[in-house]
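Here's structure.txt, which has compact mmCIF, C-alpha atoms:
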# COMPACT_ATOMS: atom_id res chain seq x y z
CA MET A 234 93.30 43.69 107.77
CA GLU A 235 96.22 42.57 109.91
CA CYS A 236 95.58 40.90 113.24
CA SER A 237 97.49 43.62 115.13
CA ALA A 238 94.87 46.20 114.07
CA ARG A 239 92.20 44.47 116.15
CA GLN A 240 91.77 46.15 119.53
CA THR A 241 89.53 43.72 121.41
CA CYS A 242 89.39 39.96 121.75
CA SER A 243 85.95 39.75 120.16
CA GLN A 244 87.15 41.72 117.14
CA CYS A 245 90.31 39.63 116.93
CA LEU A 246 88.52 36.28 116.82
CA LEU A 247 86.33 37.50 113.95
CA GLN A 248 89.42 37.76 111.74
CA PRO A 249 90.55 34.36 110.25
CA ALA A 250 93.97 33.09 111.42
CA CYS A 251 94.00 35.52 114.37
CA GLY A 252 94.00 34.73 118.06
CA TRP A 253 94.08 36.67 121.30
CA CYS A 254 97.12 36.60 123.55
CA ASP A 255 96.18 37.68 127.09
CA ASP A 256 98.82 39.61 129.08
CA GLY A 257 97.99 37.73 132.29
CA SER A 258 96.79 40.83 134.27
CA ASP A 259 93.22 39.53 134.48
CA THR A 260 92.02 42.93 133.15
CA GLY A 261 91.31 41.81 129.59
CA LEU A 262 94.36 43.43 128.03
CA GLY A 263 96.21 41.56 125.35
CA VAL A 264 97.36 41.51 121.74
CA CYS A 265 95.76 40.09 118.62
CA ARG A 266 98.31 37.93 116.80
CA GLU A 267 98.48 35.48 113.95
CA GLY A 268 98.18 31.84 114.89
CA ALA A 269 96.04 28.78 115.00
CA LEU A 270 94.29 26.63 117.51
CA SER A 271 97.62 25.12 118.53
CA GLY A 272 99.19 28.48 119.39
CA SER A 273 100.51 31.73 118.07
CA LEU A 274 102.62 31.96 114.95
CA GLN A 275 106.26 32.97 115.29
CA ARG A 276 107.26 35.03 112.23
CA SER A 277 110.91 35.65 113.25
CA ASP A 278 113.50 34.35 115.62
CA ASN A 279 113.17 37.44 117.81
CA ALA A 280 109.39 37.21 118.09
CA THR A 281 108.00 35.95 121.36
CA VAL A 282 105.55 33.11 121.47
CA CYS A 283 102.32 33.53 123.40
CA PRO A 284 102.15 31.09 126.31
CA ALA A 285 99.62 28.35 125.81
CA ALA A 286 97.72 29.35 129.00
CA SER A 287 97.28 32.89 127.61
CA TRP A 288 96.37 31.92 124.04
CA TYR A 289 92.68 32.21 123.05
CA PHE A 290 91.80 31.22 119.51
CA ALA A 291 88.23 29.96 119.76
CA ASP A 292 86.87 31.85 122.80
CA CYS A 293 87.81 35.04 124.68
CA PRO A 294 88.75 35.13 128.36
CA GLU A 295 85.84 35.30 130.79
CA CYS A 296 87.06 38.58 132.28
CA VAL A 297 87.54 41.29 129.65
CA CYS A 298 87.69 44.76 131.27
CA ASN A 299 89.88 46.53 128.68
CA GLY A 300 92.47 47.23 131.32
CA HIS A 301 90.21 49.36 133.51
CA SER A 302 89.09 46.78 136.11
CA THR A 303 89.17 43.13 137.18
CA CYS A 304 86.50 40.55 137.68
CA ILE A 305 86.07 39.69 141.35
CA ALA A 306 82.61 38.41 142.23
CA VAL A 307 81.41 37.26 138.81
CA PRO A 308 84.05 36.12 136.32
CA SER A 309 82.45 37.87 133.31
CA VAL A 310 81.43 41.14 135.00
CA CYS A 311 83.90 43.95 135.65
CA SER A 312 83.62 45.81 138.93
CA ASN A 313 84.61 49.44 139.63
CA CYS A 314 85.70 50.49 136.15
CA THR A 315 88.41 53.12 136.34
CA GLY A 316 89.61 55.73 133.86
CA ASN A 317 86.12 57.32 133.53
CA THR A 318 84.81 54.17 131.82
CA GLY A 319 81.65 52.12 132.22
CA GLY A 320 79.78 49.11 130.92
CA LEU A 321 79.95 45.42 131.75
CA GLN A 322 83.48 45.22 130.32
CA CYS A 323 84.50 48.87 130.79
CA GLU A 324 84.13 49.21 127.02
CA THR A 325 82.40 52.61 127.02
CA CYS A 326 83.11 56.05 128.50
CA ALA A 327 81.18 57.17 131.53
CA ALA A 328 78.56 59.93 131.33
CA GLY A 329 80.22 63.29 130.68
CA TYR A 330 83.25 61.71 128.94
CA TRP A 331 84.05 60.72 125.38
CA GLY A 332 86.61 58.60 123.53
CA SER A 333 87.48 54.86 123.06
CA PRO A 334 88.49 53.08 126.29
CA LEU A 335 89.51 49.90 124.50
CA LEU A 336 92.99 48.45 125.18
CA GLY A 337 93.42 50.65 128.23
CA ALA A 338 92.83 54.00 126.48
CA HIS A 339 91.44 56.79 128.63
CA CYS A 340 88.22 58.78 128.16
CA GLU A 341 88.30 62.59 128.00
CA GLN A 342 85.86 64.81 129.80
CA CYS A 343 83.18 66.60 127.75
CA PHE A 344 83.98 70.33 127.50
CA CYS A 345 81.06 72.54 126.44
CA ASN A 346 82.02 75.86 128.14
CA ASN A 347 79.06 75.46 130.53
CA HIS A 348 76.62 75.96 127.63
CA GLY A 349 75.90 72.34 126.71
CA GLN A 350 74.40 69.21 128.15
CA TYR A 351 76.33 67.23 130.74
CA GLU A 352 76.77 64.40 128.26
CA CYS A 353 78.35 64.95 124.85
CA ASN A 354 78.76 62.68 121.86
CA GLN A 355 80.93 59.83 123.21
CA THR A 356 82.47 59.24 119.80
CA ASP A 357 83.71 62.73 118.80
CA GLY A 358 82.99 64.81 121.91
CA HIS A 359 80.64 67.26 120.13
CA CYS A 360 78.33 69.17 122.48
CA THR A 361 74.62 69.87 122.25
CA CYS A 362 74.44 73.57 123.20
CA THR A 363 71.57 74.46 125.53
CA THR A 364 72.00 78.26 125.57
CA VAL A 365 70.13 80.18 122.88
CA GLY A 366 72.59 81.83 120.50
CA VAL A 367 75.61 79.63 121.40
CA VAL A 368 76.94 77.31 118.67
CA GLY A 369 80.04 75.25 117.88
CA ASP A 370 81.34 71.74 118.62
CA THR A 371 82.33 72.88 122.11
CA CYS A 372 79.76 75.74 122.39
CA SER A 373 82.52 78.28 121.91
CA ARG A 374 80.94 80.70 119.39
CA CYS A 375 78.00 83.10 119.24
CA SER A 376 75.47 82.75 116.47
CA ASP A 377 74.81 85.52 113.96
CA ASN A 378 73.11 88.63 115.40
CA TYR A 379 74.30 87.72 118.91
CA ILE A 380 77.00 89.46 120.97
CA GLY A 381 79.28 88.25 123.74
CA ASN A 382 81.89 85.57 124.36
CA PRO A 383 80.64 82.11 125.44
CA VAL A 384 84.15 80.97 126.47
CA SER A 385 84.47 83.58 129.22
CA GLY A 386 80.78 84.44 129.58
CA THR A 387 77.75 83.92 127.37
CA CYS A 388 75.97 85.19 124.26
CA PHE A 389 73.28 87.91 124.34
CA GLN A 390 70.57 88.83 121.89
CA PRO A 391 70.52 92.65 121.48
CA ILE A 392 67.14 94.32 121.96
CA LEU A 393 66.14 97.97 121.50
CA SER A 394 64.34 100.17 123.97
CA GLY A 395 60.85 101.25 123.05
CA PHE A 396 59.96 97.92 121.40
CA ILE A 397 58.10 94.86 122.69
CA TYR A 398 59.74 91.52 121.86
CA THR A 399 57.96 88.18 121.89
CA THR A 400 60.22 85.13 121.69
CA THR A 401 59.96 81.41 122.35
CA ILE A 402 62.53 79.17 124.06
CA ALA A 403 62.36 75.62 122.67
CA GLU A 404 62.50 72.46 124.75
CA ASN A 405 66.15 71.72 123.92
CA TYR A 406 67.29 75.01 125.47
CA ASN A 407 67.35 75.95 129.13
CA LYS A 408 69.01 79.41 129.00
CA ALA A 409 68.47 82.61 127.01
CA ASN A 410 70.16 85.98 127.51
CA TYR A 411 69.27 89.49 126.33
CA ALA A 412 71.09 92.85 126.39
CA CYS A 413 69.53 96.32 126.02
CA THR A 414 71.91 99.22 125.38
CA SER A 415 69.92 101.69 123.22
CA LEU A 416 68.50 103.80 126.06
CA LYS A 417 67.45 107.45 125.73
CA THR A 418 68.90 110.22 127.82
CA GLY A 419 66.63 112.14 130.15
CA LEU A 420 63.83 109.54 130.32
CA ASP A 421 62.87 106.94 132.89
CA VAL A 422 62.90 103.26 131.89
CA THR A 423 60.22 100.66 132.63
CA PHE A 424 61.12 96.97 132.36
CA GLN A 425 58.36 94.47 131.59
CA LEU A 426 58.60 90.67 131.46
CA ARG A 427 55.86 88.13 130.92
CA CYS A 428 56.31 84.32 130.92
CA ASN A 429 53.69 81.77 129.98
CA GLY A 430 55.57 79.02 131.81
CA ALA A 431 57.80 78.41 134.78
CA ALA A 432 61.15 80.21 134.50
CA TRP A 433 63.74 82.02 136.58
CA PHE A 434 65.22 85.34 135.58
CA ASN A 435 68.06 87.60 136.69
CA LEU A 436 68.11 91.29 135.74
CA THR A 437 71.43 93.11 136.09
CA TRP A 438 73.08 96.31 134.86
CA MET A 439 76.62 97.44 134.16
CA ASP A 440 78.61 100.13 132.37
CA ASP A 441 82.22 101.07 131.75
CA LEU A 442 82.62 102.44 135.27
CA HIS A 443 80.73 99.81 137.30
CA GLU A 444 80.85 96.06 137.59
CA GLU A 445 77.75 94.00 136.89
CA GLU A 446 75.17 94.45 139.63
CA VAL A 447 72.06 92.34 140.23
CA LEU A 448 68.75 94.22 140.30
CA PHE A 449 66.22 91.37 140.50
CA SER A 450 66.47 87.59 140.79
CA GLN A 451 63.17 85.74 141.03
CA THR A 452 60.73 83.40 139.33
CA CYS A 453 58.44 84.31 136.47
CA SER A 454 55.42 82.16 135.73
CA GLY A 455 52.26 83.36 134.06
CA GLY A 456 52.18 86.93 135.37
CA ILE A 457 53.70 90.26 134.27
CA PHE A 458 56.69 91.62 136.12
CA LYS A 459 57.26 95.40 135.99
CA ALA A 460 60.03 97.55 137.38
CA LYS A 461 60.70 101.26 136.90
CA PHE A 462 64.14 102.83 136.94
CA SER A 463 64.55 106.57 137.39
CA ARG A 464 66.89 108.62 135.19
CA TYR A 465 68.12 110.31 138.37
CA ASP A 466 69.42 107.01 139.77
CA TYR A 467 71.09 105.70 136.63
CA ASN A 468 73.02 107.42 133.84
CA PHE A 469 71.24 105.95 130.86
CA ALA A 470 72.88 106.27 127.42
CA GLU A 471 76.26 107.08 129.02
CA ASN A 472 79.37 104.94 129.52
CA ASN A 473 77.75 102.07 127.57
CA PHE A 474 75.02 101.54 130.14
CA THR A 475 73.49 98.09 129.58
CA PHE A 476 70.64 96.06 131.06
CA LEU A 477 71.34 92.29 131.05
CA LEU A 478 68.52 89.76 131.32
CA TYR A 479 69.20 86.06 132.04
CA ILE A 480 66.39 83.52 131.59
CA HIS A 481 66.63 79.97 133.01
CA SER A 482 64.05 77.27 132.30
CA ASP A 483 63.73 73.53 132.96
CA ASN A 484 63.88 72.49 129.29
CA THR A 485 60.20 73.23 128.72
CA ARG A 486 58.84 75.35 125.90
CA ILE A 487 58.02 78.86 127.15
CA THR A 488 57.10 82.15 125.46
CA LEU A 489 58.53 85.44 126.71
CA THR A 490 57.41 89.05 126.21
CA ILE A 491 60.24 91.49 126.95
CA ALA A 492 60.20 95.30 126.79
CA PHE A 493 62.38 98.20 127.97
CA LEU A 494 60.16 101.28 127.56
CA SER A 495 61.19 104.93 127.93
CA ASN A 496 58.64 106.92 129.93
CA ILE A 497 57.68 110.57 129.42
CA ASN A 498 56.70 112.14 132.74
CA ALA A 499 53.93 114.72 133.17
CA LEU A 500 56.58 117.34 133.94
CA ASP A 501 58.30 116.53 130.70
CA VAL A 502 55.02 117.02 128.83
CA MET A 503 54.51 120.40 130.48
CA GLU A 504 58.04 121.42 129.57
CA PHE A 505 57.39 120.31 126.02
CA PHE A 506 54.25 122.43 125.67
CA LEU A 507 55.91 125.44 127.29
CA VAL A 508 58.79 125.22 124.87
CA PHE A 509 56.42 124.59 121.96
CA PHE A 510 54.18 127.61 122.68
CA GLY A 511 57.19 129.78 123.42
CA CYS A 512 58.68 128.93 120.05
CA PHE A 513 55.29 129.41 118.38
CA LEU A 514 54.85 132.90 119.87
CA ALA A 515 58.40 133.81 118.93
CA LEU A 516 57.66 132.68 115.39
CA LEU A 517 54.52 134.82 115.30
CA VAL A 518 56.47 137.88 116.50
CA VAL A 519 59.15 137.30 113.89
CA ALA A 520 56.48 136.86 111.20
CA ALA A 521 54.70 140.08 112.25
CA LEU A 522 57.96 142.05 112.26
CA SER A 523 58.86 140.61 108.88
CA TRP A 524 55.45 141.55 107.49
CA LYS A 525 55.70 145.12 108.83
CA THR A 526 59.20 145.45 107.42
CA LYS A 527 58.03 144.16 104.05
CA GLU A 528 55.12 146.63 104.01
CA LYS A 529 57.44 149.56 104.72
CA TYR A 530 59.86 148.37 102.09
CA ASP A 531 57.07 147.94 99.52
CA ALA A 532 55.82 151.46 100.26
CA TYR A 533 59.34 152.79 99.88
CA ARG A 534 59.71 150.97 96.57
CA ARG A 535 56.39 152.36 95.32
CA ARG A 536 57.50 155.89 96.16
CA GLN A 537 60.78 155.31 94.41
CA ILE A 538 59.07 153.94 91.29
CA ARG A 539 56.59 156.84 91.24
CA CYS A 540 59.41 159.36 91.48
CA ILE A 541 61.20 157.65 88.61
CA GLU A 542 58.02 157.61 86.52
CA MET A 543 57.38 161.28 87.23
CA GLU A 544 60.96 162.10 86.25
CA LYS A 545 60.52 160.15 83.00
CA MET A 546 57.21 161.89 82.28
CA ALA A 547 58.74 165.28 83.00
CA SER A 548 61.64 164.54 80.71
CA ARG A 549 59.48 163.63 77.70
CA PRO A 550 59.90 165.94 74.68
CA LYS A 551 57.36 168.73 74.08
CA VAL A 552 55.96 169.75 70.70
CA ASP A 553 53.60 172.42 69.46
CA ILE A 554 50.34 171.23 67.97
CA LEU A 555 48.13 173.27 65.67
CA LEU A 556 44.48 172.78 66.58
CA LEU A 557 41.87 173.79 64.01
CA PHE A 558 38.34 174.15 65.32
CA GLU A 559 35.74 173.83 62.63
CA PRO A 560 32.52 175.74 63.26
CA ASN A 561 29.35 173.81 63.63
CA GLU A 562 27.46 174.90 60.49
CA LEU A 563 23.65 174.73 60.76
CA ASP A 564 20.89 175.39 58.28
CA ALA A 565 18.98 178.52 59.07
CA ASP A 566 15.70 176.73 58.36
CA ALA A 567 16.50 173.83 60.71
CA ASP A 568 13.76 173.29 63.16
CA ALA A 569 14.14 172.82 66.86
CA GLN A 570 13.94 169.09 66.53
CA SER A 571 16.96 169.04 64.20
CA VAL A 572 18.96 171.30 66.51
CA SER A 573 18.18 169.09 69.44
CA HIS A 574 19.32 166.13 67.39
CA ILE A 575 22.61 167.89 66.57
CA ASP A 576 23.21 168.69 70.26
CA LEU A 577 23.03 164.94 70.97
CA ILE A 578 25.97 164.18 68.63
CA PRO A 579 28.63 162.90 71.11
CA VAL A 580 31.81 163.86 69.22
CA CYS A 581 32.73 166.51 66.69
CA GLN A 582 35.95 165.83 64.83
CA LEU A 583 38.90 168.02 65.74
CA ARG A 584 41.76 167.75 63.27
CA SER A 585 45.32 168.51 64.30
CA ASP A 586 46.45 167.81 60.74
CA PRO A 587 44.73 170.09 58.18
CA GLN A 588 45.26 167.49 55.42
CA ALA A 589 43.67 164.62 57.37
CA PRO A 590 40.26 163.34 56.26
CA PRO A 591 37.39 165.02 58.11
CA ASN A 592 36.03 161.84 59.70
CA ARG A 593 39.32 160.41 60.92
CA ILE A 594 40.66 160.78 64.44
CA VAL A 595 44.29 161.89 64.42
CA PRO A 596 46.15 161.05 67.68
CA VAL A 597 48.29 163.67 69.32
CA VAL A 598 50.45 161.15 71.25
CA VAL A 599 50.98 157.40 70.70
CA GLU A 600 52.52 155.46 73.63
CA PRO A 601 53.42 151.89 72.56
CA LEU A 602 53.17 149.11 75.13
CA VAL A 603 55.83 146.48 75.90
CA ASP A 604 54.74 144.10 73.14
CA HIS A 605 54.97 146.95 70.53
CA GLN A 606 51.73 145.67 68.98
CA SER A 607 49.28 147.78 70.96
CA GLY A 608 49.43 151.21 72.48
CA VAL A 609 47.57 154.08 74.10
CA ILE A 610 46.63 157.02 71.88
CA THR A 611 45.66 160.47 73.14
CA THR A 612 43.61 162.94 71.07
CA PHE A 613 41.59 166.09 71.44
CA ILE A 614 37.82 165.92 71.16
CA GLN A 615 35.53 168.84 70.35
CA LEU A 616 32.40 168.71 72.46
CA PRO A 617 28.92 169.46 71.12
CA THR A 618 28.19 173.19 70.88
CA GLY A 619 24.48 173.01 71.53
CA GLY A 620 23.40 174.11 68.05
CA VAL A 621 25.67 177.19 67.75
CA PRO A 622 28.87 177.53 65.74
CA TYR A 623 31.11 177.75 68.80
CA THR A 624 30.94 176.88 72.44
CA SER A 625 30.00 179.74 74.72
CA TYR A 626 32.56 181.22 77.08
CA ASP A 627 31.08 179.63 80.18
CA GLN A 628 31.31 176.10 78.81
CA VAL A 629 34.15 173.71 78.00
CA GLY A 630 34.29 172.84 74.34
CA LEU A 631 37.51 170.79 74.26
CA ALA A 632 38.34 167.44 75.95
CA ILE A 633 41.25 164.99 75.96
CA GLY A 634 40.53 161.32 75.32
CA SER A 635 42.69 158.16 75.42
CA ALA A 636 42.07 154.70 74.03
CA LEU A 637 43.87 151.35 73.80
CA VAL A 638 44.34 150.44 70.13
CA THR A 639 46.34 148.09 67.94
CA VAL A 640 49.38 149.96 66.70
CA THR A 641 49.76 147.89 63.51
CA THR A 642 46.20 148.62 62.43
CA MET A 643 46.65 152.31 63.12
CA LEU A 644 49.87 152.41 61.09
CA LYS A 645 48.16 150.71 58.15
CA ASP A 646 45.37 153.33 58.28
CA GLU A 647 47.97 156.10 58.29
CA ASP A 648 49.72 154.54 55.28
CA VAL A 649 46.43 154.41 53.36
CA SER A 650 45.63 158.01 54.31
CA VAL A 651 49.05 159.20 53.18
CA LYS A 652 48.71 157.39 49.87
CA ASP A 653 45.27 158.92 49.29
CA ALA A 654 46.63 162.38 50.10
CA ASN A 655 49.56 161.91 47.72
CA LYS A 656 47.19 160.87 44.93
CA ALA A 657 45.03 163.92 45.56
CA ASN A 658 48.06 166.21 45.41
CA LYS A 659 49.17 164.64 42.15
CA LYS A 660 45.72 165.21 40.60
CA GLU A 661 45.72 168.87 41.66
CA THR A 662 49.18 169.35 40.18
CA ARG A 663 48.13 167.89 36.83
CA ALA A 664 45.06 170.02 36.77
Here is the file; what I need is its structure written in the form of structure tokens.
Amino acid sequence: MECSARQTCSQCLLQPACGWCDDGSDTGLGVCREGALSGSLQRSDNATVCPAASWYFADCPECVCNGHSTCIAVPSVCSNCTGNTGGLQCETCAAGYWGSPLLGAHCEQCFCNNHGQYECNQTDGHCTCTTVGVVGDTCSRCSDNYIGNPVSGTCFQPILSGFIYTTTIAENYNKANYACTSLKTGLDVTFQLRCNGAAWFNLTWMDDLHEEEVLFSQTCSGGIFKAKFSRYDYNFAENNFTFLLYIHSDNTRITLTIAFLSNINALDVMEFFLVFFGCFLALLVVAALSWKTKEKYDAYRRRQIRCIEMEKMASRPKVDILLLFEPNELDADADAQSVSHIDLIPVCQLRSDPQAPPNRIVPVVVEPLVDHQSGVITTFIQLPTGGVPYTSYDQVGLAIGSALVTVTTMLKDEDVSVKDANKANKKETRA
């Protein structure tokens, strides 16, 4: 490294073949140059030679103040360092400033946007932010999930109404800010704050039409602070109405419980129940009217269907049926017990088809059902005659009966009967 790169006398003398040339101002300023114990080295004709009284090759001058002061009382101690510097030789920046004051350089003031400690890193000027949610080398940005602008104001943590938040402020922070904007219309708001340590809080409000206004500014330590705000005094949920809460502590760890609760008044409850029961009664009336209307419509539909069925029944084709009543033949020698037994016979076969077998019921009408596999048959039934060939005139001897049967089985029986009748006719013809 070249001698000229050395900024202080102590650094210069550590480099071999380098010496310190004092400028004669008694402030410690000078230049590190090549040379030896006998004096500085002249590299060119135009180069100046350091005077012998100002040349230091083995030891530095007693007063080295880096150009920011002079030694008055004690030769090796600088008094009243200027340029925001400090130290015995004005070699460091004063509190609240950063930079390198060597060789007369000036220190710059720490700039943390009022969100950092008074002192910053004296080497690079980086700040230690003391407001929760503020980040950056100069405390100029809001952290994630925070809103606001720390350059012109501060950062806020959004909170919702109707929830209770519990948060802790660490020892390295002394400020925390919160903003509540999600307020409900038509309800009062109750603010609650509880601190388990000593803190100071400010509660303000603002919207698009009003500047920020302070509501409360007081201490909070150990107890619960409550305040109620009426919906008639403030237009909640309109014009971006916002509650702002500022917490200040003395760099001690504290735990906060914060809540903005929407209250339902007794009058609101009464209004709710009145509206609820009114709607319920209206619903009952509508349901009753709907039920009555449905009943009348169902009755109308039943009448319509019955009329249609009666028209269909009236339009069915009519046929003539030959009924052959067979007399009830009895043995003349039958005793009374046999006659009584005959009177108890429930059915006497009535044949509408003369060629049908005597013990087979022949239906007059077959009404198939929807599935076409079963149906309702209707036939005539001859009632018991009471032991005489025919029923007397004052009694009914004929009845109509219906039964649900399987159509396929009935058709098979008819096919068998027809085949048997055809065979019988063939035999008679041959004979």
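Atom pair atom CA of A:Cys388 / atom CA of A:Asn346 has a distance of 11.8 Å (rounded to one decimal).
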>> Considering all atoms listed in the file, can you say which of A:Leu336, A:Trp331, A:Trp524, A:Leu420 comes closest to A:Arg239?
In response: A:Leu336
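The smallest atom-to-atom distance between A:Val597 and any of A:Glu445, A:Pro622, A:Ala409, A:Gly634, using all atoms listed in the file, is found for A:Gly634.
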>> Residues within 9 Å of stretch 244-256 of chain A, please, as a PyMOL selection string. Count only C-alpha atoms; anything in the same chain fewer than 5 positions from it doesn't count.
In response: chain A and resi 234-239+261-270+272-273+283-294
> Which polymer residues have any atom within 9 Å of an atom of A:Asp440, counting only C-alpha atoms, with same-chain residues fewer than 4 positions away left out, as number ranges by chain?
Replying inline: A: 444-445, 471-475
> Quick one: residues within 8 Å of A:Ala636, all atoms listed in the file counted, chain neighbours fewer than 3 positions away excluded, as an MDAnalysis selection string?
Replying inline: chainID A and resid 609:611
> Counting all atoms listed in the file, which of A:Asn347, A:Gln628, A:Asn354, A:Ser495 gets nearest to A:Ser373?
Replying inline: A:Asn347
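Relative to atom CA of A:Gln390, atom CA of A:Ser482 is found at 16.9 Å.
The space between atom CA of A:Asn496 and atom CA of A:Gly395 spans 9.2 Å.
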Give as an mmCIF file with C-alpha atoms, in the frame of the given file the set of residues within 10 Å of the point (89.0, 47.8, 122.7), where distances use the file's coordinates and only C-alpha atoms.
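That gives us point26.cif:
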data_model
loop_
_atom_site.group_PDB
_atom_site.id
_atom_site.type_symbol
_atom_site.label_atom_id
_atom_site.label_comp_id
_atom_site.auth_asym_id
_atom_site.auth_seq_id
_atom_site.Cartn_x
_atom_site.Cartn_y
_atom_site.Cartn_z
ATOM 1 C CA ARG A 239 92.200 44.470 116.150
ATOM 2 C CA GLN A 240 91.770 46.150 119.530
ATOM 3 C CA THR A 241 89.530 43.720 121.410
ATOM 4 C CA CYS A 242 89.390 39.960 121.750
ATOM 5 C CA SER A 243 85.950 39.750 120.160
ATOM 6 C CA GLN A 244 87.150 41.720 117.140
ATOM 7 C CA GLY A 261 91.310 41.810 129.590
ATOM 8 C CA LEU A 262 94.360 43.430 128.030
ATOM 9 C CA GLY A 263 96.210 41.560 125.350
ATOM 10 C CA VAL A 297 87.540 41.290 129.650
ATOM 11 C CA CYS A 298 87.690 44.760 131.270
ATOM 12 C CA ASN A 299 89.880 46.530 128.680
ATOM 13 C CA GLY A 300 92.470 47.230 131.320
ATOM 14 C CA GLN A 322 83.480 45.220 130.320
ATOM 15 C CA CYS A 323 84.500 48.870 130.790
ATOM 16 C CA GLU A 324 84.130 49.210 127.020
ATOM 17 C CA THR A 325 82.400 52.610 127.020
ATOM 18 C CA SER A 333 87.480 54.860 123.060
ATOM 19 C CA PRO A 334 88.490 53.080 126.290
ATOM 20 C CA LEU A 335 89.510 49.900 124.500
ATOM 21 C CA LEU A 336 92.990 48.450 125.180
ATOM 22 C CA GLY A 337 93.420 50.650 128.230
ATOM 23 C CA ALA A 338 92.830 54.000 126.480
#
>> For A:Leu426, find every residue with an atom within 8 Å (counting only C-alpha atoms), except residues of its own chain fewer than 3 positions away, and show them as a count of residues only.
In response: 7
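Of the residues listed (A:Tyr411, A:Phe493, A:Trp433, A:Trp438), A:Trp433 shows the shortest atom-to-atom separation from A:Ser454; distances use only C-alpha atoms.
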> Which neighbours of A:Gly316 fall inside 7 Å, counting only C-alpha atoms, when residues of the same chain fewer than 5 positions from it are skipped, and could you give them as a PyMOL selection string?
Replying inline: chain A and resi 301+339-340
> Nearest to A:Val638: which of A:Val599, A:Pro617, A:Leu516, A:Tyr623 is it, counting all atoms listed in the file?
Replying inline: A:Val599
> Taking (81.6, 86.2, 125.4) in the file's coordinates as the center, which residues reach within 12 Å of it, counting all atoms listed in the file, put as a PyMOL selection string?
Replying inline: chain A and resi 346+348+366-367+372-376+379-390+410
Could those residues be written to a file, using C-alpha atoms, as an mmCIF file, keeping the file's coordinate frame?
data_model
loop_
_atom_site.group_PDB
_atom_site.id
_atom_site.type_symbol
_atom_site.label_atom_id
_atom_site.label_comp_id
_atom_site.auth_asym_id
_atom_site.auth_seq_id
_atom_site.Cartn_x
_atom_site.Cartn_y
_atom_site.Cartn_z
ATOM 1 C CA ASN A 346 82.020 75.860 128.140
ATOM 2 C CA HIS A 348 76.620 75.960 127.630
ATOM 3 C CA GLY A 366 72.590 81.830 120.500
ATOM 4 C CA VAL A 367 75.610 79.630 121.400
ATOM 5 C CA CYS A 372 79.760 75.740 122.390
ATOM 6 C CA SER A 373 82.520 78.280 121.910
ATOM 7 C CA ARG A 374 80.940 80.700 119.390
ATOM 8 C CA CYS A 375 78.000 83.100 119.240
ATOM 9 C CA SER A 376 75.470 82.750 116.470
ATOM 10 C CA TYR A 379 74.300 87.720 118.910
ATOM 11 C CA ILE A 380 77.000 89.460 120.970
ATOM 12 C CA GLY A 381 79.280 88.250 123.740
ATOM 13 C CA ASN A 382 81.890 85.570 124.360
ATOM 14 C CA PRO A 383 80.640 82.110 125.440
ATOM 15 C CA VAL A 384 84.150 80.970 126.470
ATOM 16 C CA SER A 385 84.470 83.580 129.220
ATOM 17 C CA GLY A 386 80.780 84.440 129.580
ATOM 18 C CA THR A 387 77.750 83.920 127.370
ATOM 19 C CA CYS A 388 75.970 85.190 124.260
ATOM 20 C CA PHE A 389 73.280 87.910 124.340
ATOM 21 C CA GLN A 390 70.570 88.830 121.890
ATOM 22 C CA ASN A 410 70.160 85.980 127.510
#
From the coordinates I just gave you, please extract stretch 528-537 of chain A so that only N, CA and C atoms remain, then output it as an mmCIF file, in the first residue's frame.
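File written: result-v4.cif
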data_model
loop_
_atom_site.group_PDB
_atom_site.id
_atom_site.type_symbol
_atom_site.label_atom_id
_atom_site.label_comp_id
_atom_site.auth_asym_id
_atom_site.auth_seq_id
_atom_site.Cartn_x
_atom_site.Cartn_y
_atom_site.Cartn_z
ATOM 1 N N GLU A 528 -105.290 -26.249 -1.657
ATOM 2 C CA GLU A 528 -106.445 -27.119 -1.429
ATOM 3 C C GLU A 528 -107.531 -26.884 -2.478
ATOM 4 N N LYS A 529 -107.809 -25.614 -2.751
ATOM 5 C CA LYS A 529 -108.843 -25.316 -3.758
ATOM 6 C C LYS A 529 -108.412 -25.807 -5.130
ATOM 7 N N TYR A 530 -107.146 -25.655 -5.431
ATOM 8 C CA TYR A 530 -106.674 -26.117 -6.735
ATOM 9 C C TYR A 530 -106.730 -27.644 -6.831
ATOM 10 N N ASP A 531 -106.358 -28.340 -5.724
ATOM 11 C CA ASP A 531 -106.436 -29.794 -5.735
ATOM 12 C C ASP A 531 -107.878 -30.271 -5.895
ATOM 13 N N ALA A 532 -108.816 -29.594 -5.201
ATOM 14 C CA ALA A 532 -110.222 -29.968 -5.367
ATOM 15 C C ALA A 532 -110.690 -29.739 -6.801
ATOM 16 N N TYR A 533 -110.256 -28.635 -7.368
ATOM 17 C CA TYR A 533 -110.622 -28.359 -8.767
ATOM 18 C C TYR A 533 -110.047 -29.425 -9.700
ATOM 19 N N ARG A 534 -108.797 -29.820 -9.442
ATOM 20 C CA ARG A 534 -108.187 -30.844 -10.281
ATOM 21 C C ARG A 534 -108.902 -32.194 -10.131
ATOM 22 N N ARG A 535 -109.311 -32.522 -8.888
ATOM 23 C CA ARG A 535 -110.040 -33.774 -8.690
ATOM 24 C C ARG A 535 -111.367 -33.769 -9.445
ATOM 25 N N ARG A 536 -112.069 -32.636 -9.405
ATOM 26 C CA ARG A 536 -113.326 -32.548 -10.161
ATOM 27 C C ARG A 536 -113.093 -32.697 -11.656
ATOM 28 N N GLN A 537 -112.009 -32.055 -12.120
ATOM 29 C CA GLN A 537 -111.703 -32.156 -13.543
ATOM 30 C C GLN A 537 -111.378 -33.601 -13.927
#
